[in-house]
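Asker: Just so it is clear, I am handing over run17.cif, which has mmCIF, C-alpha atoms.
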```
data_input
#
loop_
_atom_site.label_atom_id
_atom_site.label_comp_id
_atom_site.auth_asym_id
_atom_site.auth_seq_id
_atom_site.Cartn_x
_atom_site.Cartn_y
_atom_site.Cartn_z
CA MET Q 25 -62.13 -82.16 -94.13
CA ASN Q 26 -62.60 -81.84 -90.36
CA ILE Q 27 -59.43 -82.30 -88.34
CA ASN Q 28 -61.36 -83.29 -85.20
CA ILE Q 29 -63.25 -86.00 -87.05
CA ASP Q 30 -60.07 -87.21 -88.77
CA SER Q 31 -58.29 -87.30 -85.42
CA ALA Q 32 -61.09 -89.32 -83.81
CA TYR Q 33 -61.03 -91.99 -86.53
CA LEU Q 34 -57.22 -92.15 -86.45
CA GLN Q 35 -57.36 -92.62 -82.68
CA MET Q 36 -59.61 -95.61 -83.32
CA ALA Q 37 -57.08 -96.95 -85.83
CA TYR Q 38 -54.34 -96.60 -83.22
CA SER Q 39 -56.40 -98.45 -80.63
CA LEU Q 40 -56.50 -101.32 -83.12
CA ALA Q 41 -52.79 -101.10 -83.94
CA GLU Q 42 -51.90 -101.35 -80.27
CA LYS Q 43 -53.56 -104.77 -80.12
CA ALA Q 44 -50.63 -106.08 -82.16
CA LEU Q 45 -48.01 -104.79 -79.70
CA GLY Q 46 -45.55 -107.59 -79.03
CA TRP Q 47 -47.10 -109.90 -81.64
CA ALA Q 48 -46.55 -108.40 -85.12
CA SER Q 49 -42.80 -107.78 -84.80
CA PRO Q 50 -40.57 -107.39 -86.77
CA ASN Q 51 -43.36 -105.83 -88.82
CA PRO Q 52 -44.80 -102.47 -87.76
CA TYR Q 53 -47.95 -102.11 -85.67
CA VAL Q 54 -50.65 -100.79 -88.00
CA GLY Q 55 -54.38 -100.16 -87.69
CA ALA Q 56 -56.93 -99.06 -90.28
CA VAL Q 57 -60.50 -97.76 -90.22
CA ILE Q 58 -62.66 -97.19 -93.31
CA VAL Q 59 -65.48 -94.67 -93.15
CA ASN Q 60 -68.18 -93.95 -95.73
CA LYS Q 61 -70.98 -91.41 -95.27
CA ASP Q 62 -70.13 -91.00 -91.58
CA GLN Q 63 -70.35 -94.73 -90.94
CA ILE Q 64 -67.52 -97.12 -90.09
CA VAL Q 65 -67.72 -99.84 -92.73
CA GLY Q 66 -64.44 -101.64 -92.07
CA TYR Q 67 -61.60 -101.86 -89.61
CA GLY Q 68 -58.67 -104.07 -88.79
CA TYR Q 69 -55.06 -104.39 -87.71
CA HIS Q 70 -52.03 -106.44 -88.68
CA GLU Q 71 -51.96 -109.28 -86.16
CA SER Q 72 -48.67 -111.03 -86.92
CA PRO Q 73 -46.15 -111.69 -89.72
CA GLY Q 74 -47.73 -113.57 -92.60
CA LYS Q 75 -51.26 -112.49 -91.75
CA PRO Q 76 -53.14 -109.84 -93.79
CA HIS Q 77 -52.15 -106.23 -93.23
CA ALA Q 78 -54.48 -103.80 -91.51
CA GLU Q 79 -55.72 -102.25 -94.77
CA ALA Q 80 -56.53 -105.66 -96.26
CA VAL Q 81 -58.53 -106.68 -93.18
CA ALA Q 82 -60.48 -103.42 -93.17
CA LEU Q 83 -61.15 -103.52 -96.93
CA LYS Q 84 -62.38 -107.10 -96.77
CA MET Q 85 -64.87 -106.11 -94.06
CA ALA Q 86 -65.98 -103.03 -95.98
CA GLY Q 87 -66.40 -104.78 -99.31
CA LYS Q 88 -68.20 -102.60 -101.89
CA ARG Q 89 -68.96 -100.04 -99.18
CA ALA Q 90 -65.33 -98.86 -99.35
CA LYS Q 91 -66.00 -97.15 -102.71
CA GLY Q 92 -66.01 -93.39 -102.27
CA GLY Q 93 -65.00 -93.66 -98.60
CA THR Q 94 -62.05 -92.55 -96.50
CA ALA Q 95 -59.36 -94.87 -95.17
CA TYR Q 96 -57.68 -93.88 -91.90
CA ILE Q 97 -54.33 -95.66 -91.62
CA THR Q 98 -51.66 -95.29 -88.94
CA LEU Q 99 -48.73 -95.99 -91.30
CA GLU Q 100 -48.06 -95.48 -95.01
CA PRO Q 101 -49.39 -98.48 -96.99
CA CYS Q 102 -46.84 -100.90 -98.43
CA VAL Q 103 -46.07 -100.98 -102.16
CA HIS Q 104 -44.15 -104.25 -102.39
CA PHE Q 105 -44.86 -107.97 -102.35
CA GLY Q 106 -43.69 -109.64 -99.14
CA ARG Q 107 -45.59 -112.28 -97.26
CA THR Q 108 -48.71 -110.43 -98.42
CA PRO Q 109 -49.64 -108.36 -101.53
CA PRO Q 110 -49.15 -104.56 -101.66
CA CYS Q 111 -51.80 -102.71 -99.66
CA VAL Q 112 -51.63 -99.63 -101.86
CA ASP Q 113 -52.95 -101.65 -104.82
CA SER Q 114 -55.86 -102.93 -102.75
CA LEU Q 115 -56.78 -99.38 -101.72
CA ILE Q 116 -56.72 -98.19 -105.32
CA PHE Q 117 -58.77 -101.17 -106.51
CA SER Q 118 -61.40 -100.50 -103.82
CA LYS Q 119 -61.96 -97.00 -105.27
CA ILE Q 120 -61.30 -95.31 -101.94
CA GLU Q 121 -61.69 -91.55 -102.43
CA ARG Q 122 -59.44 -90.30 -99.62
CA THR Q 123 -56.77 -91.60 -97.27
CA VAL Q 124 -55.65 -90.07 -93.98
CA ILE Q 125 -52.23 -91.50 -93.12
CA SER Q 126 -50.61 -90.73 -89.79
CA SER Q 127 -46.96 -91.41 -90.61
CA LEU Q 128 -44.58 -92.28 -93.40
CA ASP Q 129 -42.98 -95.72 -93.35
CA PRO Q 130 -39.19 -95.27 -92.94
CA ASN Q 131 -38.59 -98.54 -94.79
CA PRO Q 132 -36.71 -97.39 -97.94
CA ILE Q 133 -38.72 -99.88 -100.01
CA VAL Q 134 -41.92 -98.06 -99.02
CA ASN Q 135 -40.99 -94.53 -97.93
CA LYS Q 136 -43.09 -91.94 -99.82
CA LYS Q 137 -43.73 -94.47 -102.59
CA GLY Q 138 -47.11 -95.43 -101.10
CA LEU Q 139 -48.18 -91.78 -101.00
CA LYS Q 140 -47.02 -91.19 -104.57
CA LYS Q 141 -48.89 -94.18 -105.95
CA LEU Q 142 -52.13 -93.24 -104.17
CA ARG Q 143 -51.94 -89.67 -105.47
CA GLN Q 144 -51.15 -90.85 -109.00
CA ALA Q 145 -54.36 -92.87 -108.83
CA GLY Q 146 -56.30 -89.70 -108.04
CA ILE Q 147 -56.83 -90.44 -104.35
CA ASN Q 148 -56.72 -87.48 -101.96
CA VAL Q 149 -54.00 -88.06 -99.36
CA SER Q 150 -53.47 -86.34 -96.00
CA ILE Q 151 -50.32 -87.12 -94.03
CA GLY Q 152 -48.90 -86.36 -90.56
CA LEU Q 153 -51.89 -86.28 -88.19
CA LEU Q 154 -51.00 -87.86 -84.79
CA GLU Q 155 -47.54 -88.73 -86.13
CA SER Q 156 -45.96 -88.49 -82.67
CA ARG Q 157 -48.19 -91.31 -81.47
CA ASN Q 158 -46.93 -93.52 -84.26
CA ASN Q 159 -43.31 -92.59 -83.51
CA ARG Q 160 -43.73 -94.00 -80.02
CA LEU Q 161 -45.80 -97.05 -80.97
CA ASN Q 162 -43.36 -98.10 -83.70
CA GLU Q 163 -40.12 -96.87 -82.11
CA ALA Q 164 -38.57 -100.35 -82.29
CA TYR Q 165 -39.61 -100.89 -85.91
CA PHE Q 166 -38.29 -97.49 -86.97
CA LYS Q 167 -34.81 -98.24 -85.60
CA TYR Q 168 -34.76 -101.84 -86.81
CA ILE Q 169 -35.83 -101.06 -90.38
CA THR Q 170 -33.37 -98.18 -90.79
CA GLN Q 171 -30.33 -99.49 -88.87
CA ASN Q 172 -30.82 -103.28 -89.03
CA ILE Q 173 -30.26 -103.61 -85.29
CA PRO Q 174 -32.83 -103.92 -82.48
CA PHE Q 175 -34.20 -101.18 -80.27
CA LEU Q 176 -32.75 -101.69 -76.77
CA THR Q 177 -34.74 -101.09 -73.60
CA ALA Q 178 -32.93 -101.53 -70.29
CA LYS Q 179 -34.73 -102.39 -67.06
CA THR Q 180 -33.22 -102.31 -63.59
CA ALA Q 181 -34.59 -102.46 -60.05
CA THR Q 182 -32.87 -100.36 -57.40
CA THR Q 183 -33.27 -99.32 -53.81
CA GLN Q 184 -33.65 -95.68 -52.78
CA ASP Q 185 -29.86 -95.47 -52.41
CA GLY Q 186 -29.26 -96.89 -55.90
CA LYS Q 187 -28.28 -100.46 -55.00
CA ILE Q 188 -29.33 -103.45 -57.09
CA ALA Q 189 -28.23 -106.05 -54.52
CA THR Q 190 -26.57 -106.39 -51.14
CA ASN Q 191 -22.84 -106.96 -50.68
CA THR Q 192 -23.59 -110.71 -50.74
CA MET Q 193 -25.47 -110.28 -54.07
CA SER Q 194 -28.89 -110.87 -52.49
CA SER Q 195 -31.54 -109.12 -54.61
CA LYS Q 196 -34.79 -111.06 -54.08
CA TRP Q 197 -36.81 -109.04 -53.95
CA ILE Q 198 -36.06 -105.35 -54.22
CA SER Q 199 -39.27 -104.56 -56.11
CA SER Q 200 -42.81 -105.36 -55.02
CA SER Q 201 -44.72 -108.29 -56.52
CA SER Q 202 -46.93 -105.87 -58.47
CA THR Q 203 -43.87 -104.18 -59.97
CA ARG Q 204 -42.46 -107.56 -60.96
CA GLU Q 205 -45.79 -108.34 -62.63
CA TYR Q 206 -45.45 -105.08 -64.59
CA VAL Q 207 -41.98 -106.19 -65.72
CA HIS Q 208 -43.55 -109.32 -67.22
CA LEU Q 209 -45.91 -107.06 -69.14
CA LEU Q 210 -42.85 -105.22 -70.46
CA ARG Q 211 -41.18 -108.49 -71.44
CA GLY Q 212 -44.16 -109.34 -73.61
CA GLU Q 213 -43.75 -106.16 -75.65
CA HIS Q 214 -40.28 -107.26 -76.77
CA ASP Q 215 -38.90 -109.92 -79.09
CA ALA Q 216 -36.06 -110.92 -76.80
CA ILE Q 217 -34.61 -110.57 -73.33
CA LEU Q 218 -30.84 -110.24 -72.81
CA VAL Q 219 -28.73 -111.04 -69.74
CA GLY Q 220 -25.12 -111.89 -68.97
CA ILE Q 221 -23.76 -115.26 -67.92
CA ASN Q 222 -23.31 -114.12 -64.31
CA THR Q 223 -27.10 -113.74 -64.01
CA ILE Q 224 -27.56 -117.30 -65.29
CA ILE Q 225 -24.98 -118.74 -62.89
CA ARG Q 226 -26.13 -116.72 -59.87
CA ASP Q 227 -29.93 -116.80 -60.23
CA ASP Q 228 -30.64 -119.71 -62.62
CA PRO Q 229 -33.58 -117.83 -64.20
CA ILE Q 230 -35.86 -119.21 -66.92
CA LEU Q 231 -36.41 -115.77 -68.51
CA THR Q 232 -39.96 -116.43 -69.67
CA ILE Q 233 -43.11 -114.28 -69.65
CA ARG Q 234 -45.38 -115.22 -66.79
CA HIS Q 235 -48.47 -113.08 -67.32
CA PRO Q 236 -51.94 -114.04 -68.60
CA ASN Q 237 -51.92 -111.19 -71.14
CA TRP Q 238 -49.11 -112.90 -73.04
CA GLU Q 239 -50.29 -116.49 -73.14
CA GLY Q 240 -48.52 -118.29 -75.97
CA LYS Q 241 -45.96 -115.54 -76.52
CA ARG Q 242 -42.48 -116.88 -77.27
CA LEU Q 243 -39.56 -114.78 -76.06
CA THR Q 244 -36.04 -115.30 -77.41
CA ARG Q 245 -33.55 -115.56 -74.54
CA VAL Q 246 -30.16 -114.00 -75.33
CA ILE Q 247 -27.19 -114.68 -73.05
CA LEU Q 248 -23.72 -113.15 -73.39
CA ASP Q 249 -21.22 -115.81 -72.30
CA SER Q 250 -17.71 -115.14 -73.64
CA HIS Q 251 -16.13 -118.37 -72.41
CA LEU Q 252 -19.21 -120.67 -72.44
CA ARG Q 253 -19.48 -121.10 -68.70
CA PHE Q 254 -23.22 -121.77 -69.13
CA PRO Q 255 -24.24 -124.57 -66.71
CA LEU Q 256 -25.72 -127.54 -68.55
CA ASN Q 257 -28.22 -128.14 -65.72
CA SER Q 258 -29.73 -124.64 -65.98
CA LYS Q 259 -33.51 -124.55 -65.64
CA ILE Q 260 -33.81 -122.49 -68.82
CA PHE Q 261 -33.21 -125.63 -70.90
CA GLN Q 262 -36.54 -126.96 -69.62
CA THR Q 263 -38.38 -124.06 -71.30
CA LEU Q 264 -37.38 -124.39 -74.97
CA SER Q 265 -41.06 -124.32 -75.97
CA ASP Q 266 -41.24 -120.78 -74.53
CA GLY Q 267 -38.59 -119.38 -76.85
CA ASN Q 268 -35.21 -119.91 -78.46
CA ILE Q 269 -31.96 -119.62 -76.50
CA LEU Q 270 -29.14 -117.72 -78.19
CA ILE Q 271 -25.75 -117.84 -76.49
CA PHE Q 272 -23.11 -115.40 -77.74
CA CYS Q 273 -19.51 -116.39 -77.04
CA HIS Q 274 -16.01 -115.36 -78.03
CA GLU Q 275 -14.47 -116.83 -81.18
CA SER Q 276 -11.95 -118.74 -79.03
CA ALA Q 277 -14.55 -120.42 -76.78
CA PRO Q 278 -14.12 -124.23 -76.64
CA ASP Q 279 -15.82 -126.19 -79.44
CA ASP Q 280 -16.72 -129.15 -77.25
CA ARG Q 281 -18.58 -126.89 -74.84
CA SER Q 282 -20.41 -125.28 -77.74
CA LYS Q 283 -21.57 -128.68 -78.99
CA LEU Q 284 -22.84 -129.68 -75.55
CA LEU Q 285 -24.91 -126.51 -75.27
CA GLU Q 286 -26.33 -126.97 -78.76
CA ASP Q 287 -27.17 -130.57 -77.92
CA HIS Q 288 -29.22 -129.14 -75.04
CA GLY Q 289 -31.20 -126.98 -77.47
CA ALA Q 290 -29.34 -123.65 -77.48
CA ARG Q 291 -27.87 -121.93 -80.50
CA VAL Q 292 -24.29 -120.77 -79.99
CA ILE Q 293 -23.11 -117.73 -81.97
CA ARG Q 294 -19.44 -116.74 -82.01
CA CYS Q 295 -18.31 -113.15 -82.30
CA SER Q 296 -15.22 -111.05 -81.76
CA GLY Q 297 -14.25 -109.38 -78.51
CA ASN Q 298 -11.46 -108.75 -76.06
CA ALA Q 299 -10.69 -109.14 -72.37
CA ALA Q 300 -13.40 -106.60 -71.55
CA GLY Q 301 -16.11 -108.65 -73.23
CA LEU Q 302 -17.84 -109.33 -76.53
CA ASP Q 303 -18.24 -106.87 -79.39
CA LEU Q 304 -21.72 -105.61 -78.55
CA ILE Q 305 -22.26 -104.01 -81.95
CA GLN Q 306 -21.63 -107.38 -83.59
CA VAL Q 307 -24.09 -108.97 -81.17
CA LEU Q 308 -26.75 -106.43 -82.13
CA GLN Q 309 -26.10 -106.91 -85.84
CA GLU Q 310 -26.53 -110.64 -85.44
CA LEU Q 311 -29.80 -110.14 -83.57
CA GLY Q 312 -31.03 -107.84 -86.34
CA ALA Q 313 -30.13 -110.46 -88.94
CA ASN Q 314 -32.35 -112.86 -86.98
CA GLU Q 315 -35.33 -110.45 -87.28
CA ILE Q 316 -35.19 -109.45 -83.61
CA SER Q 317 -36.31 -105.82 -83.58
CA SER Q 318 -36.59 -105.16 -79.83
CA VAL Q 319 -34.63 -106.40 -76.83
CA LEU Q 320 -35.20 -105.93 -73.11
CA VAL Q 321 -31.84 -105.82 -71.33
CA GLU Q 322 -32.18 -107.15 -67.78
CA GLY Q 323 -28.59 -107.91 -66.95
CA GLY Q 324 -26.62 -107.11 -63.83
CA SER Q 325 -24.17 -104.32 -63.11
CA ARG Q 326 -21.35 -105.42 -65.43
CA LEU Q 327 -23.61 -105.97 -68.44
CA MET Q 328 -25.66 -102.82 -67.88
CA THR Q 329 -22.50 -100.75 -67.50
CA SER Q 330 -21.09 -102.12 -70.78
CA PHE Q 331 -24.20 -101.13 -72.73
CA LEU Q 332 -24.48 -97.72 -71.06
CA GLU Q 333 -20.81 -96.85 -71.50
CA LYS Q 334 -21.09 -97.63 -75.22
CA LYS Q 335 -24.35 -95.60 -75.38
CA LEU Q 336 -26.28 -98.46 -76.93
CA ILE Q 337 -29.42 -98.22 -74.79
CA ASP Q 338 -32.36 -96.39 -76.38
CA LYS Q 339 -34.85 -96.44 -73.51
CA MET Q 340 -34.70 -97.23 -69.81
CA TYR Q 341 -36.99 -98.23 -66.98
CA ILE Q 342 -35.66 -97.75 -63.45
CA THR Q 343 -37.81 -99.10 -60.65
CA ILE Q 344 -36.98 -97.48 -57.31
CA SER Q 345 -38.14 -99.13 -54.10
CA PRO Q 346 -38.24 -97.37 -50.70
CA LYS Q 347 -35.45 -99.46 -49.19
CA LEU Q 348 -31.89 -98.65 -48.16
CA ILE Q 349 -29.07 -101.18 -48.43
CA GLY Q 350 -25.88 -99.14 -48.06
CA GLY Q 351 -22.34 -100.50 -48.14
CA LYS Q 352 -19.50 -99.73 -50.51
CA GLU Q 353 -19.48 -103.30 -51.84
CA ALA Q 354 -23.18 -103.38 -52.69
CA PRO Q 355 -23.42 -102.97 -56.50
CA THR Q 356 -25.23 -100.27 -58.47
CA PHE Q 357 -26.48 -100.77 -62.02
CA PHE Q 358 -24.04 -98.26 -63.58
CA GLU Q 359 -20.46 -98.55 -62.43
CA GLY Q 360 -17.25 -98.68 -64.47
CA GLU Q 361 -14.85 -95.74 -64.41
CA GLY Q 362 -17.60 -93.14 -64.33
CA ILE Q 363 -17.36 -89.58 -65.64
CA SER Q 364 -15.07 -86.78 -64.55
CA VAL Q 365 -17.22 -83.78 -65.41
CA LEU Q 366 -20.92 -83.62 -64.66
CA ARG Q 367 -21.80 -82.16 -68.05
CA ASP Q 368 -20.66 -85.44 -69.62
CA SER Q 369 -23.20 -87.48 -67.65
CA LEU Q 370 -25.76 -89.62 -69.47
CA ARG Q 371 -29.13 -87.94 -69.28
CA LEU Q 372 -32.61 -89.38 -69.68
CA LYS Q 373 -35.02 -87.40 -71.85
CA LYS Q 374 -38.79 -87.48 -72.32
CA VAL Q 375 -38.96 -88.69 -68.73
CA ARG Q 376 -42.18 -89.80 -67.13
CA SER Q 377 -42.76 -91.50 -63.79
CA PHE Q 378 -45.54 -93.39 -62.06
CA THR Q 379 -45.99 -95.54 -58.99
CA ILE Q 380 -46.83 -99.18 -58.43
CA ASP Q 381 -47.52 -99.94 -54.78
CA GLU Q 382 -44.69 -98.07 -53.02
CA ASP Q 383 -42.28 -98.34 -55.95
CA ILE Q 384 -41.53 -95.46 -58.31
CA ILE Q 385 -41.07 -96.34 -61.99
CA VAL Q 386 -38.99 -93.90 -64.05
CA GLU Q 387 -39.12 -94.21 -67.84
CA GLY Q 388 -36.89 -92.20 -70.15
CA TYR Q 389 -34.98 -92.14 -73.42
CA PHE Q 390 -31.31 -91.52 -74.20
#
```
Transcribe the structure of this file into structure tokens.
Answerer:
Amino acid sequence: MNINIDSAYLQMAYSLAEKALGWASPNPYVGAVIVNKDQIVGYGYHESPGKPHAEAVALKMAGKRAKGGTAYITLEPCVHFGRTPPCVDSLIFSKIERTVISSLDPNPIVNKKGLKKLRQAGINVSIGLLESRNNRLNEAYFKYITQNIPFLTAKTATTQDGKIATNTMSSKWISSSSTREYVHLLRGEHDAILVGINTIIRDDPILTIRHPNWEGKRLTRVILDSHLRFPLNSKIFQTLSDGNILIFCHESAPDDRSKLLEDHGARVIRCSGNAAGLDLIQVLQELGANEISSVLVEGGSRLMTSFLEKKLIDKMYITISPKLIGGKEAPTFFEGEGISVLRDSLRLKKVRSFTIDEDIIVEGYF
């Protein structure tokens, strides 16, 4: 065993797994490389739900050359029948001699069971190398599979003085065109995008992905609209081929309005709430039940404040442009009552920053 060699082959497996980013959800992103006598004899990744898993693709390429070799896999192989057969059985049947697995699968159906079955078959198993890379790559899957709700990433664009619009609600455009292009790249990495009804009424967005890297990618559009004020002439209804439209409303919202929106192609989902808004936990549970594992929240001040106050955001991107707006009435992305003592402030962790044109992009986790 040579940890440098193992690390190099696992890095290759990760480069394959990353090709599935945004496509394989709600399944995890997994890559596999099979090596025999210092030669790569097979490799692959799980492209999308229903297609063969990474191990199966790599084993098919390797054929008989897999016997006596080493399989480098980014995530613990599955042990159950789903849309595809168990990968652990295929590895055992191939007579692989050793497996190097980067991370355990937190799915309770799989967790540690794949390792146990491989070891019972006499296969040497190493676990944990480059695990931190897998934790980041599959952060949405890990939350979704253990909590049954999606991983939430919030994105907001602000000026240098923290404003997201002027006092007349003008916000086009705070960020540069290149930064907005980057946001479309981010959209593609998620299953859904979520906004509030005020964004729909004010901006009439279509909420699609407009980037050549994501051609053919469908993005579920989620709108929180307690009283079903959604305009029937909204442009988003012209883009049903680009993704489903889910409208969450209060239980008391008018039935006739709900039917009109569904006739236009949306799906209306009722949930509980109060005068302050919808029950966001119930919204997330419903999204999880619909196999949505990751959501990009792009709403305005009221929506963003609701999610932040309830500490539901997992990750955040703040784009800061070198502009000043000023004015007490110009909104910021986090308002509400605020905190009284600084030690109670929300704090981003694992922060990194980079620039696009003159904009600064700050990424961090809660």
Asker: The PyMOL selection byres ((chain Q and resi 64-72) around 6) on the file shown: which residues, as a PyMOL selection string?
Answerer: chain Q and resi 40-41+44+47-48+54-59+63+73+75+77-78+81-82+85-86
Asker: Would you compute the distance between atom CA of Ser345 of chain Q and atom CA of Gly388 of chain Q? Give it in Å to one decimal.
Answerer: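 That distance, rounded to one decimal, is 17.5 Å.
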Asker: Quick check, in Å to one decimal: how far apart do atom CA of Glu322 of chain Q and atom CA of Ile225 of chain Q lie?
Answerer: 14.5 Å
Asker: Selection in question (the file shown): the PyMOL selection byres ((chain Q and resi 292-294) around 10). Which residues does it include, as a PDB file with C-alpha atoms, in the coordinates of the input?
Answerer:
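As a result, expr_16.pdb now contains:
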```pdb
ATOM      1  CA  ILE Q 247     -27.190-114.680 -73.050  1.00  0.00           C
ATOM      2  CA  LEU Q 248     -23.720-113.150 -73.390  1.00  0.00           C
ATOM      3  CA  ASP Q 249     -21.220-115.810 -72.300  1.00  0.00           C
ATOM      4  CA  SER Q 250     -17.710-115.140 -73.640  1.00  0.00           C
ATOM      5  CA  LEU Q 252     -19.210-120.670 -72.440  1.00  0.00           C
ATOM      6  CA  ILE Q 269     -31.960-119.620 -76.500  1.00  0.00           C
ATOM      7  CA  LEU Q 270     -29.140-117.720 -78.190  1.00  0.00           C
ATOM      8  CA  ILE Q 271     -25.750-117.840 -76.490  1.00  0.00           C
ATOM      9  CA  PHE Q 272     -23.110-115.400 -77.740  1.00  0.00           C
ATOM     10  CA  CYS Q 273     -19.510-116.390 -77.040  1.00  0.00           C
ATOM     11  CA  HIS Q 274     -16.010-115.360 -78.030  1.00  0.00           C
ATOM     12  CA  GLU Q 275     -14.470-116.830 -81.180  1.00  0.00           C
ATOM     13  CA  SER Q 276     -11.950-118.740 -79.030  1.00  0.00           C
ATOM     14  CA  ALA Q 277     -14.550-120.420 -76.780  1.00  0.00           C
ATOM     15  CA  ARG Q 281     -18.580-126.890 -74.840  1.00  0.00           C
ATOM     16  CA  SER Q 282     -20.410-125.280 -77.740  1.00  0.00           C
ATOM     17  CA  LYS Q 283     -21.570-128.680 -78.990  1.00  0.00           C
ATOM     18  CA  LEU Q 285     -24.910-126.510 -75.270  1.00  0.00           C
ATOM     19  CA  GLU Q 286     -26.330-126.970 -78.760  1.00  0.00           C
ATOM     20  CA  GLY Q 289     -31.200-126.980 -77.470  1.00  0.00           C
ATOM     21  CA  ALA Q 290     -29.340-123.650 -77.480  1.00  0.00           C
ATOM     22  CA  ARG Q 291     -27.870-121.930 -80.500  1.00  0.00           C
ATOM     23  CA  CYS Q 295     -18.310-113.150 -82.300  1.00  0.00           C
ATOM     24  CA  SER Q 296     -15.220-111.050 -81.760  1.00  0.00           C
ATOM     25  CA  GLY Q 297     -14.250-109.380 -78.510  1.00  0.00           C
ATOM     26  CA  LEU Q 302     -17.840-109.330 -76.530  1.00  0.00           C
ATOM     27  CA  GLN Q 306     -21.630-107.380 -83.590  1.00  0.00           C
ATOM     28  CA  VAL Q 307     -24.090-108.970 -81.170  1.00  0.00           C
ATOM     29  CA  GLU Q 310     -26.530-110.640 -85.440  1.00  0.00           C
TER      30      GLU Q 310
END
```
Asker: Taking (-39.4, -112.1, -65.3) in the file's own coordinates, collect the residues within 8 Å, counting all atoms listed in the file, and hand them back as number ranges by chain.
Answerer: Q: 204-205, 207-208, 211, 231-234
Asker: Could you name the residues that touch segment 166-177 of chain Q at 8 Å or less, counting all atoms listed in the file, but leaving out those on the same chain fewer than 5 positions away, as a PDB file with C-alpha atoms, in the frame of the given file?
Answerer:
```pdb
ATOM      1  CA  PRO Q 130     -39.190 -95.270 -92.940  1.00  0.00           C
ATOM      2  CA  ASN Q 131     -38.590 -98.540 -94.790  1.00  0.00           C
ATOM      3  CA  PRO Q 132     -36.710 -97.390 -97.940  1.00  0.00           C
ATOM      4  CA  ASN Q 159     -43.310 -92.590 -83.510  1.00  0.00           C
ATOM      5  CA  LEU Q 308     -26.750-106.430 -82.130  1.00  0.00           C
ATOM      6  CA  GLN Q 309     -26.100-106.910 -85.840  1.00  0.00           C
ATOM      7  CA  GLU Q 310     -26.530-110.640 -85.440  1.00  0.00           C
ATOM      8  CA  LEU Q 311     -29.800-110.140 -83.570  1.00  0.00           C
ATOM      9  CA  GLY Q 312     -31.030-107.840 -86.340  1.00  0.00           C
ATOM     10  CA  ALA Q 313     -30.130-110.460 -88.940  1.00  0.00           C
ATOM     11  CA  ILE Q 316     -35.190-109.450 -83.610  1.00  0.00           C
ATOM     12  CA  SER Q 317     -36.310-105.820 -83.580  1.00  0.00           C
ATOM     13  CA  SER Q 318     -36.590-105.160 -79.830  1.00  0.00           C
ATOM     14  CA  VAL Q 319     -34.630-106.400 -76.830  1.00  0.00           C
ATOM     15  CA  LEU Q 320     -35.200-105.930 -73.110  1.00  0.00           C
ATOM     16  CA  VAL Q 321     -31.840-105.820 -71.330  1.00  0.00           C
ATOM     17  CA  LEU Q 336     -26.280 -98.460 -76.930  1.00  0.00           C
ATOM     18  CA  ILE Q 337     -29.420 -98.220 -74.790  1.00  0.00           C
ATOM     19  CA  ASP Q 338     -32.360 -96.390 -76.380  1.00  0.00           C
ATOM     20  CA  LYS Q 339     -34.850 -96.440 -73.510  1.00  0.00           C
ATOM     21  CA  MET Q 340     -34.700 -97.230 -69.810  1.00  0.00           C
ATOM     22  CA  TYR Q 341     -36.990 -98.230 -66.980  1.00  0.00           C
TER      23      TYR Q 341
END
```
Asker: Would you write out, as a VMD selection string, every residue that the PyMOL selection byres ((chain Q and resi 118) around 8) captures in this file?
Answerer: chain Q and resid 83 87 to 88 90 to 91 114 to 117 119 to 120
Asker: Could you please determine the separation between atom CA of Gly350 of chain Q and atom CA of Ala181 of chain Q in Å, to one decimal place?
Answerer: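 Atom-to-atom, atom CA of Gly350 of chain Q and atom CA of Ala181 of chain Q are spaced 15.2 Å apart.
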Asker: Counting only C-alpha atoms, figure out which residue out of Q:Asn268, Q:Asn237, Q:Asn26, Q:Ser202 gets nearest to Asp381 of chain Q.
Answerer: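 For Asp381 of chain Q, the nearest of the candidates is Q:Ser202.
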Asker: Residues within 7 Å of segment 384-387 of chain Q, please, as a PDB file with C-alpha atoms, in the coordinates of the input. Count all atoms listed in the file; anything in the same chain fewer than 4 positions from it doesn't count.
Answerer:
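Everything below was put into result.pdb:
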```pdb
ATOM      1  CA  MET Q 340     -34.700 -97.230 -69.810  1.00  0.00           C
ATOM      2  CA  TYR Q 341     -36.990 -98.230 -66.980  1.00  0.00           C
ATOM      3  CA  ILE Q 342     -35.660 -97.750 -63.450  1.00  0.00           C
ATOM      4  CA  THR Q 343     -37.810 -99.100 -60.650  1.00  0.00           C
ATOM      5  CA  ILE Q 344     -36.980 -97.480 -57.310  1.00  0.00           C
ATOM      6  CA  SER Q 345     -38.140 -99.130 -54.100  1.00  0.00           C
ATOM      7  CA  VAL Q 375     -38.960 -88.690 -68.730  1.00  0.00           C
ATOM      8  CA  ARG Q 376     -42.180 -89.800 -67.130  1.00  0.00           C
ATOM      9  CA  SER Q 377     -42.760 -91.500 -63.790  1.00  0.00           C
ATOM     10  CA  PHE Q 378     -45.540 -93.390 -62.060  1.00  0.00           C
ATOM     11  CA  THR Q 379     -45.990 -95.540 -58.990  1.00  0.00           C
ATOM     12  CA  ILE Q 380     -46.830 -99.180 -58.430  1.00  0.00           C
TER      13      ILE Q 380
END
```
